[in-house]
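Comments concern the structure below.
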Amino acid sequence: MSAPLPTIDVQAIHWPSVIRHYRLSKGLKQAALAHDLGVTQTMVSRWESATAIPSARIQARLFDLYWASQASVSRDVWLDRIERHPAVVGVINAAGRMVRASRGFCRTFDCDRHGLEGRYLHEAFEGDWAGLYDTLAASGLFEGRVSSAESMDTVTFHDRDGARRTRHVHGLHRPSFLPGPEIVWLLSGAEVSERVRDDVRARLGGQLIVRKAI
Amino acid sequence: MAGGDQSKPGDVTIWRNFLRRYRFTNNIKQAALADDLGVTQAMVSRWESGAVSPAAAMQDRIRALAGASEAMASPLVGWRQHVAAQPGMAAVVNADGVIETASRGLARELELPRGRIEGQGIGSLFAGDLVSLYNTLIAKGFFDGALESVESADVYCFARPRKNRDIGPVHGLHWPHRAEDNRVRWMLTGARISQTDFESLRRELGGQAELTAQD
């Protein structure tokens, strides 16, 4: 079984976004969410207007609800699955550190897990990913303010042995809700050719699209 | 919601406002919306300038797209949309072997629009390894929840040979996902690999696929 994720100082989670976004994406009225959580509608309304912060128990419960809407397995199984994933899949924490890298991620950059895990994105890669991390962090991904993002990046990997490898990666980016409560960045992507890179950039109208949470 | 009758005065304005509002609230570029609707960006631009309103059939498509996005609010919640947006090869396949959802990456590799993949059976698109993988999953009770995951090394071949190419060797990871209707779906993911990686993966897996049973 995988080692636990390293703990880090988490940016403050923006509960009004997290709660409102979950509620609206499930099509629930405040009263219905209040019922599910065993609180009054007034309380939900206060959370969403940032006049109150949910208790630790409710915070954990909300993250579990998010989790259940994304996956039908436990977080441990999910993290284990990421390690074996054939595509480029990475889990990056609020500090910009790669805490998980899939087999496909390693294959794409021709390295082993230790060449990626535990390293900071801006230290291991030169190119578009450093700016991507800055933009996602500034947009509030780790606070629960981003719904998803899509990007077309060119990055150069700096292996620990000094070798450098450049790849074009088409990426999809989402928050993932771990216990803590902690929001991490789930990067999933695929290496693409230069021709595909140009097509994707044309469709995106640039390098990156960020979709904000409600 | 905008009205449907094109002859109605003010219709052009209603559609212009609706499209702009939809794009701005969802942070979607004209080009991306055009791509979703299967039209040119110039066409979206003409609708939004109020020069013309969308044709009746296109109005239905826009309603379907915008309505769907309101119902789901965003891709943050909703596993199927997450699969559809994947840059890598991914699909949701049901117990009958029908591809219900195909990822962007799969569409790219197959060189087919998503609409021509979704609704197709595995056997009508592919021949060889992927069909035998499906048969193995059926035989081992995958859709009854008997397996935790399956890792595979497959050669993807088209059922109807194409002049240019086949996809070739793919490393796959597969797991069951219990959908809203409580039935198990096959979550198929994969990435192309070199012939050398394929051969070593086959040795590692002890054949085409390694099955992990549910404990």
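Labeling convention for the structure tokens: chains A, B, ... as they appear, residues from 1 per chain, ligands from 1 in order of appearance.
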(Q) Please return, as a ChimeraX atom specification, all residues of chain B that DSSP assigns to strand (DSSP E or B) on the basis of the backbone. (A) /B:89-93,98-102,121,126-128,147-158,168-178,184-192,209-213
Q: Please report as a PyMOL selection string which residues of chain A come no farther than 8 Å from chain B, using only C-alpha atoms.
A: chain A and resi 21-22+24-27+66+69-72+84-88+104+147-148+170-172+174-175+188-190+202-205+209-213
Q | Minimum-distance residue to B:Gly50, chosen among B:Gln81, B:Val12, B:Phe18, B:Leu106 (using only C-alpha atoms) | A |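 So, comparing all the options, the nearest one is B:Val12.
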Q.
Which residues are close to B:Asp166, i.e. within 7 Å by only C-alpha atoms, leaving aside same-chain residues fewer than 4 positions away? Reply as a ChimeraX atom specification.
A. /B:156-158
Q) With distances taken over only C-alpha atoms, which of B:Met43, B:Val184, B:Ala102, B:Ala127 is nearest to B:Arg160? A)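 Residue with the minimum atom-to-atom distance to B:Arg160: B:Ala127.
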Q.
Report, in Å to a single decimal, how far apart atom CA of A:Val73 and atom CA of A:His14 are.
A. 25.7 Å
Q. Out of stretch 11-165 of chain B, which residues get alpha helix (DSSP H) from DSSP, as a ChimeraX atom specification?
A. /B:11-26,30-37,41-49,56-72,79-84,104-110,122-125,129-139
